[in-house]
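Structure file upload-v6.txt (compact mmCIF, C-alpha atoms) follows.
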# COMPACT_ATOMS: atom_id res chain seq x y z
CA MET L 38 -0.60 -24.59 -36.76
CA ALA L 39 0.45 -23.39 -33.30
CA ASP L 40 4.16 -23.48 -32.40
CA SER L 41 4.87 -26.77 -30.63
CA SER L 42 7.62 -25.15 -28.58
CA THR L 43 5.18 -22.88 -26.78
CA CYS L 44 1.85 -24.70 -26.95
CA SER L 45 0.81 -27.68 -24.84
CA SER L 46 -1.83 -28.75 -27.37
CA ALA L 47 0.01 -28.15 -30.64
CA SER L 48 -0.30 -31.72 -31.85
CA SER L 49 -4.09 -31.44 -32.07
CA CYS L 50 -4.35 -27.75 -32.95
CA ASP L 51 -5.23 -26.30 -36.37
CA ARG L 52 -5.02 -22.63 -35.34
CA GLU L 53 -3.00 -20.21 -37.45
CA SER L 54 -2.05 -18.27 -34.32
CA CYS L 55 -1.67 -18.99 -30.59
CA GLU L 56 -3.39 -15.72 -29.67
CA GLY L 57 -6.24 -16.38 -27.26
CA CYS L 58 -5.47 -20.07 -26.99
CA PRO L 59 -5.55 -21.52 -23.44
CA GLY L 60 -2.82 -23.97 -24.42
CA ALA L 61 -0.26 -21.24 -25.14
CA ASN L 62 2.70 -20.80 -22.79
CA GLY L 63 2.69 -24.45 -21.85
CA GLY L 64 -0.89 -24.31 -20.65
CA GLN L 65 -0.12 -21.57 -18.12
CA PRO L 66 -2.52 -18.56 -18.02
CA GLN L 67 -1.13 -15.43 -19.61
CA SER L 68 -0.48 -12.50 -17.30
CA MET L 69 -2.94 -9.62 -17.60
CA GLN L 70 -0.72 -7.18 -15.73
CA GLU L 71 -0.13 -3.80 -17.28
CA GLU L 72 3.40 -2.53 -17.82
CA MET L 73 4.53 0.05 -15.29
CA ASN L 74 5.49 3.51 -16.48
CA ALA L 75 9.13 3.48 -17.54
CA TYR L 76 9.91 6.30 -15.10
CA SER L 77 8.29 4.60 -12.11
CA ASP L 78 9.81 2.23 -9.58
CA ILE L 79 7.22 0.97 -7.09
CA LYS L 80 8.15 -1.63 -4.50
CA HIS L 81 4.72 -2.50 -3.10
CA VAL L 82 1.14 -1.97 -4.28
CA ILE L 83 -1.47 -2.15 -1.50
CA GLY L 84 -5.22 -2.03 -2.09
CA ASP L 85 -7.82 -0.62 0.30
CA VAL L 86 -11.19 -2.19 -0.42
CA SER L 87 -14.65 -2.37 1.11
CA GLY L 88 -17.70 -4.49 0.46
CA LYS L 89 -19.99 -1.46 0.74
CA GLY L 90 -19.84 2.32 0.65
CA GLY L 91 -19.96 4.70 3.57
CA VAL L 92 -17.29 3.05 5.72
CA GLY L 93 -14.67 5.80 5.38
CA LYS L 94 -12.29 3.86 3.15
CA SER L 95 -10.63 6.99 1.76
CA MET L 96 -10.11 8.25 5.30
CA VAL L 97 -8.35 4.99 6.14
CA THR L 98 -6.25 5.12 2.96
CA ALA L 99 -5.12 8.69 3.60
CA SER L 100 -4.44 7.95 7.28
CA LEU L 101 -2.27 4.98 6.36
CA ALA L 102 -0.43 7.09 3.77
CA ASN L 103 0.26 9.77 6.39
CA LEU L 104 1.52 7.16 8.84
CA LEU L 105 3.91 5.67 6.29
CA ALA L 106 5.12 9.11 5.19
CA SER L 107 5.74 10.13 8.81
CA LYS L 108 8.04 7.13 9.17
CA GLY L 109 10.13 8.13 6.19
CA TYR L 110 8.62 5.98 3.44
CA ARG L 111 7.98 7.26 -0.08
CA VAL L 112 4.24 6.95 -0.56
CA GLY L 113 1.70 7.46 -3.32
CA ILE L 114 -2.10 7.23 -3.47
CA MET L 115 -3.89 6.12 -6.62
CA ASP L 116 -7.48 7.31 -6.25
CA ALA L 117 -9.22 4.50 -8.16
CA ASP L 118 -12.67 5.52 -6.94
CA ILE L 119 -13.28 7.23 -10.27
CA THR L 120 -16.95 8.14 -9.80
CA GLY L 121 -16.54 9.25 -6.19
CA PRO L 122 -13.01 10.66 -5.78
CA SER L 123 -12.23 12.36 -2.49
CA ILE L 124 -8.46 12.15 -1.94
CA PRO L 125 -7.52 15.46 -3.66
CA ARG L 126 -10.17 17.36 -1.69
CA MET L 127 -8.91 15.91 1.59
CA TYR L 128 -5.40 17.17 0.89
CA GLY L 129 -6.44 20.50 -0.61
CA LEU L 130 -5.14 19.62 -4.08
CA THR L 131 -6.74 21.74 -6.81
CA GLY L 132 -6.02 22.44 -10.45
CA LEU L 133 -4.93 20.09 -13.20
CA ALA L 134 -2.02 17.66 -13.04
CA GLU L 135 0.86 18.50 -15.36
CA ALA L 136 2.04 16.21 -18.14
CA SER L 137 5.18 15.74 -20.19
CA GLU L 138 6.20 13.51 -23.08
CA GLU L 139 7.09 10.83 -20.55
CA GLY L 140 3.70 10.82 -18.84
CA ILE L 141 1.44 12.47 -16.27
CA LEU L 142 2.95 13.93 -13.11
CA PRO L 143 1.15 13.19 -9.82
CA ARG L 144 0.43 16.04 -7.43
CA LEU L 145 2.33 16.29 -4.16
CA THR L 146 0.65 16.86 -0.78
CA ASP L 147 2.13 18.99 1.99
CA ASN L 148 3.56 15.83 3.59
CA ASP L 149 5.10 14.61 0.31
CA VAL L 150 2.51 11.97 -0.62
CA LYS L 151 2.08 11.65 -4.39
CA VAL L 152 -1.55 11.62 -5.55
CA MET L 153 -3.30 10.86 -8.82
CA SER L 154 -7.07 11.14 -9.21
CA ILE L 155 -9.63 11.83 -11.92
CA ASN L 156 -10.31 15.14 -10.14
CA LEU L 157 -6.80 16.24 -11.10
CA LEU L 158 -7.59 15.66 -14.78
CA LEU L 159 -11.00 17.36 -15.01
CA PRO L 160 -11.33 21.13 -15.68
CA ASN L 161 -14.18 21.19 -13.16
CA PRO L 162 -13.80 18.60 -10.36
CA GLU L 163 -17.50 18.93 -9.57
CA ASP L 164 -18.51 17.52 -12.97
CA PRO L 165 -19.92 13.99 -12.63
CA VAL L 166 -18.07 11.09 -14.22
CA ILE L 167 -20.80 9.23 -16.11
CA TRP L 168 -18.83 6.40 -17.66
CA ARG L 169 -19.44 2.70 -18.11
CA GLY L 170 -17.33 0.07 -16.38
CA PRO L 171 -14.81 -0.64 -19.18
CA ILE L 172 -13.92 3.05 -19.47
CA LEU L 173 -13.46 3.33 -15.70
CA ALA L 174 -11.24 0.26 -15.77
CA GLY L 175 -9.23 1.71 -18.64
CA LEU L 176 -8.51 4.88 -16.68
CA VAL L 177 -7.19 2.84 -13.76
CA LYS L 178 -4.75 1.16 -16.14
CA GLN L 179 -3.69 4.60 -17.37
CA PHE L 180 -3.01 5.65 -13.79
CA TRP L 181 -0.52 2.78 -13.71
CA HIS L 182 1.28 3.03 -17.04
CA ASP L 183 0.88 6.73 -17.89
CA VAL L 184 1.63 8.31 -14.50
CA ILE L 185 5.25 9.00 -13.55
CA TRP L 186 5.20 7.82 -9.94
CA GLY L 187 8.98 7.85 -9.59
CA GLU L 188 10.45 5.83 -6.73
CA LEU L 189 7.85 4.69 -4.19
CA ASP L 190 8.02 2.28 -1.29
CA TYR L 191 4.23 1.97 -1.21
CA LEU L 192 1.47 2.83 -3.65
CA LEU L 193 -1.90 2.72 -1.88
CA VAL L 194 -4.86 2.14 -4.18
CA ASP L 195 -8.11 3.61 -2.88
CA MET L 196 -10.73 1.46 -4.62
CA PRO L 197 -14.47 2.01 -5.03
CA PRO L 198 -16.77 -0.08 -2.86
CA GLY L 199 -18.01 -3.47 -4.00
CA THR L 200 -16.61 -6.15 -6.27
CA GLY L 201 -17.16 -4.60 -9.70
CA ASP L 202 -15.06 -3.69 -12.73
CA VAL L 203 -12.52 -1.40 -11.06
CA PRO L 204 -11.45 -3.72 -8.19
CA LEU L 205 -11.27 -6.59 -10.69
CA THR L 206 -9.10 -4.48 -13.01
CA VAL L 207 -6.77 -3.49 -10.17
CA PHE L 208 -6.35 -7.11 -9.06
CA GLN L 209 -5.67 -8.32 -12.61
CA SER L 210 -3.66 -5.41 -14.01
CA LEU L 211 -1.50 -4.25 -11.10
CA PRO L 212 1.04 -6.29 -9.08
CA VAL L 213 -0.96 -6.05 -5.85
CA ASP L 214 0.97 -7.35 -2.85
CA GLY L 215 -2.03 -7.40 -0.55
CA ILE L 216 -5.17 -5.59 0.55
CA PHE L 217 -6.78 -4.21 3.67
CA VAL L 218 -10.54 -4.68 3.93
CA VAL L 219 -12.20 -1.64 5.51
CA THR L 220 -15.49 -2.10 7.32
CA SER L 221 -17.68 -0.72 10.11
CA PRO L 222 -19.29 -2.27 13.23
CA GLN L 223 -22.73 -3.10 11.86
CA ASP L 224 -24.84 -6.24 11.67
CA LEU L 225 -24.06 -6.90 8.00
CA VAL L 226 -20.30 -6.69 8.53
CA LYS L 227 -19.72 -10.44 8.34
CA MET L 228 -21.44 -10.87 4.99
CA ILE L 229 -19.87 -7.72 3.53
CA VAL L 230 -16.34 -8.59 4.63
CA LYS L 231 -16.68 -12.11 3.29
CA LYS L 232 -17.63 -10.81 -0.16
CA ALA L 233 -14.46 -8.72 -0.37
CA TYR L 234 -12.37 -11.50 1.17
CA LYS L 235 -13.64 -14.15 -1.25
CA MET L 236 -13.01 -11.92 -4.25
CA ALA L 237 -9.40 -11.38 -3.14
CA GLU L 238 -9.04 -15.10 -2.48
CA GLU L 239 -10.29 -16.01 -5.96
CA MET L 240 -7.84 -13.51 -7.46
CA HIS L 241 -5.00 -14.90 -5.29
CA ILE L 242 -4.47 -11.56 -3.53
CA PRO L 243 -3.39 -11.79 0.16
CA VAL L 244 -5.65 -10.10 2.70
CA LEU L 245 -3.27 -8.30 5.07
CA GLY L 246 -5.97 -7.50 7.62
CA LEU L 247 -9.32 -5.96 8.48
CA ILE L 248 -9.60 -2.31 9.47
CA GLU L 249 -12.74 -1.23 11.30
CA ASN L 250 -13.70 2.42 10.99
CA TYR L 251 -16.24 4.20 13.23
CA SER L 252 -15.52 1.60 15.92
CA TYR L 253 -16.50 3.88 18.78
CA LEU L 254 -16.73 7.47 19.93
CA ILE L 255 -14.49 8.71 22.71
CA CYS L 256 -16.50 10.78 25.18
CA PRO L 257 -14.82 14.21 25.39
CA ASP L 258 -15.72 14.49 29.10
CA CYS L 259 -14.94 11.12 30.63
CA GLY L 260 -12.87 9.42 27.91
CA LYS L 261 -15.19 6.41 27.83
CA GLU L 262 -15.51 4.48 24.55
CA ILE L 263 -19.10 4.63 23.29
CA PRO L 264 -20.07 2.02 20.60
CA VAL L 265 -22.28 4.32 18.54
CA PHE L 266 -23.01 1.70 15.86
CA GLY L 267 -23.28 -1.22 18.24
CA LYS L 268 -20.87 -3.78 19.56
CA SER L 269 -17.91 -4.50 17.31
CA ARG L 270 -17.84 -7.93 15.67
CA ILE L 271 -14.58 -7.43 13.85
CA GLN L 272 -12.49 -9.74 16.03
CA GLU L 273 -15.08 -12.50 15.71
CA VAL L 274 -15.06 -12.19 11.92
CA ALA L 275 -11.27 -12.00 11.76
CA ASP L 276 -10.88 -15.12 13.92
CA GLU L 277 -13.32 -17.06 11.77
CA MET L 278 -11.44 -16.10 8.60
CA GLY L 279 -7.99 -16.45 10.14
CA ILE L 280 -6.84 -12.91 9.39
CA LEU L 281 -5.51 -9.95 11.35
CA VAL L 282 -7.45 -7.07 12.85
CA ALA L 283 -5.16 -4.35 11.49
CA GLY L 284 -6.85 -1.41 13.17
CA LYS L 285 -9.95 -0.08 14.94
CA MET L 286 -10.45 3.61 14.23
CA PRO L 287 -12.83 5.66 16.38
CA ILE L 288 -15.08 8.45 15.17
CA ASP L 289 -12.68 11.37 15.40
CA PRO L 290 -14.11 14.85 14.64
CA LYS L 291 -10.57 16.21 14.24
CA LEU L 292 -9.95 13.98 11.22
CA THR L 293 -13.21 15.13 9.63
CA GLU L 294 -12.36 18.78 10.25
CA LEU L 295 -8.93 18.41 8.64
CA SER L 296 -10.44 16.57 5.69
CA ASP L 297 -13.12 19.22 5.14
CA ALA L 298 -10.49 21.96 5.35
CA GLY L 299 -8.23 20.24 2.81
CA GLU L 300 -5.53 19.89 5.45
CA PHE L 301 -5.43 16.13 5.92
CA ALA L 302 -1.64 16.17 5.55
CA LYS L 303 -1.64 17.33 9.19
CA ALA L 304 -3.73 14.36 10.37
CA GLU L 305 -2.18 11.89 12.77
CA ASN L 306 -3.83 8.53 13.30
CA PRO L 307 -2.40 6.29 16.04
CA TYR L 308 -4.91 3.50 15.44
CA LEU L 309 -3.23 1.84 12.45
CA GLU L 310 -0.02 0.56 14.00
CA ALA L 311 -1.06 -3.07 13.40
CA ALA L 312 -1.58 -2.27 9.70
CA TYR L 313 1.84 -0.62 9.63
CA ALA L 314 3.37 -3.72 11.22
CA ALA L 315 1.74 -5.91 8.54
CA LEU L 316 3.34 -3.76 5.85
CA GLN L 317 6.72 -4.11 7.53
CA ILE L 318 6.59 -7.82 6.86
CA LEU L 319 6.49 -7.03 3.14
CA SER L 320 9.49 -4.70 3.51
CA VAL L 321 11.50 -7.42 5.26
CA LYS L 322 11.04 -9.64 2.18
CA ASP L 323 12.64 -7.05 -0.14
This entry written out as structure tokens:
Amino acid sequence: MADSSTCSSASSCDRESCEGCPGANGGQPQSMQEEMNAYSDIKHVIGDVSGKGGVGKSMVTASLANLLASKGYRVGIMDADITGPSIPRMYGLTGLAEASEEGILPRLTDNDVKVMSINLLLPNPEDPVIWRGPILAGLVKQFWHDVIWGELDYLLVDMPPGTGDVPLTVFQSLPVDGIFVVTSPQDLVKMIVKKAYKMAEEMHIPVLGLIENYSYLICPDCGKEIPVFGKSRIQEVADEMGILVAGKMPIDPKLTELSDAGEFAKAENPYLEAAYAALQILSVKD
């Protein structure tokens, strides 16, 4: 029979073991969080999510990492978009990550951001990753407990679009302090943002703010803001959901050029100061 000291339903239980029993631990749900690598010390884990693809989520993640690094914080990026990794290419990181008996060593960008991605583990980064969901989720867990991140103030997790296995695994397995939802100014934005928001809400993960990418194009001649994809609805959506607009990033050809050249470490993005301020609130609580 189950141990009465740890089980809320021991008096009526005929199990040989408490394993898998919802009454174990006094009826409280067991934590599914993975153990951090013994040589890692990470203060805050922040997720960057999107309800759909094509919104430039990796661009936002890398821009936020650069901003934090420029202000003296120790930053890492976990590229959890296993089937569509782009972070190493943006920073010009090639070749395989090194490993030791203690774990896998992340690669370091030119601005001292630590990066781990499936593309740093494959002999040929152009080979497709044709894996089912559980295997993808398992690799994300390995990025947490097998990678030697060292001391980090922020680990940014660049997640694949949607609400599938990988985002669910990140929310359940990592101690996520909050997420930014990345979107674009299109008609479906409200529905798409709400999907990501409701998933985070059900997983009890705070939404730190919405970041709109491709908000507008700045005319190179007159400096006027041109809403290429239509009028932004991000403030309307944020007000309805009671969350912060953490940034509105324009279409900036310079960022694309640096990304394509593998020189994103040089990129400066002044449009994420509200997101930075939201992260400062977490630091104050330390």
Restricting the calculation to only C-alpha atoms, which member of L:Glu72, L:Asp289, L:Glu238, L:Asp183 is positioned closest to Met153 in chain L?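 Comparing L:Glu72, L:Asp289, L:Glu238, L:Asp183 against Met153 in chain L, the winner is L:Asp183.
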Can you tell me, as a ChimeraX atom specification, what residues are no more than 10 Å from Thr146 in chain L when counting only C-alpha atoms, ignoring any on the same chain fewer than 3 positions away? /L:113,125,127-130,143,149-152,300-302
Set the distance at 9 Å and use all atoms listed in the file: which residues neighbour Glu310 in chain L once local chain neighbours fewer than 6 positions away are removed? I'd like the list as a list in words. Leu104, Ala283 and Gly284 of chain L
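Proximity to Val112 in chain L at 9 Å, evaluated using only C-alpha atoms and with sequence-adjacent residues fewer than 5 positions away removed, yields Ala102, Asn103, Leu105, Ala106, Asp149, Val150, Lys151, Val152, Glu188, Leu189, Asp190, Tyr191, Leu192 and Leu193 of chain L.
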Got a sec: who's within 9 Å of range 169-176 of chain L, counting all atoms listed in the file, leaving out chain neighbours fewer than 2 positions off, as a list in words? Ala117, Ile119, Thr120, Ile155, Ile167, Lys178, Gln179, Phe180, Trp181, Gly201, Asp202, Val203, Pro204, Leu205, Thr206 and Val207 of chain L
Could you jot down the CA of Gly267 in chain L to CA of Gly121 in chain L separation for me, Å, one decimal place? 27.4 Å
Which distance in Å separates CA of Val274 in chain L and CA of Val226 in chain L, to one decimal?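 Between these atoms lies a distance of 8.3 Å.
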Residues at most 12 Å from Tyr253 in chain L, counting all atoms listed in the file, excluding those fewer than 5 positions away in the same chain, as number ranges by chain? L: 221-223, 260-269, 285-290
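With distances taken over all atoms listed in the file, L:Met96 is the one residue among L:Leu309, L:Met96, L:Met115, L:Pro212 lying closest to Glu294 in chain L.
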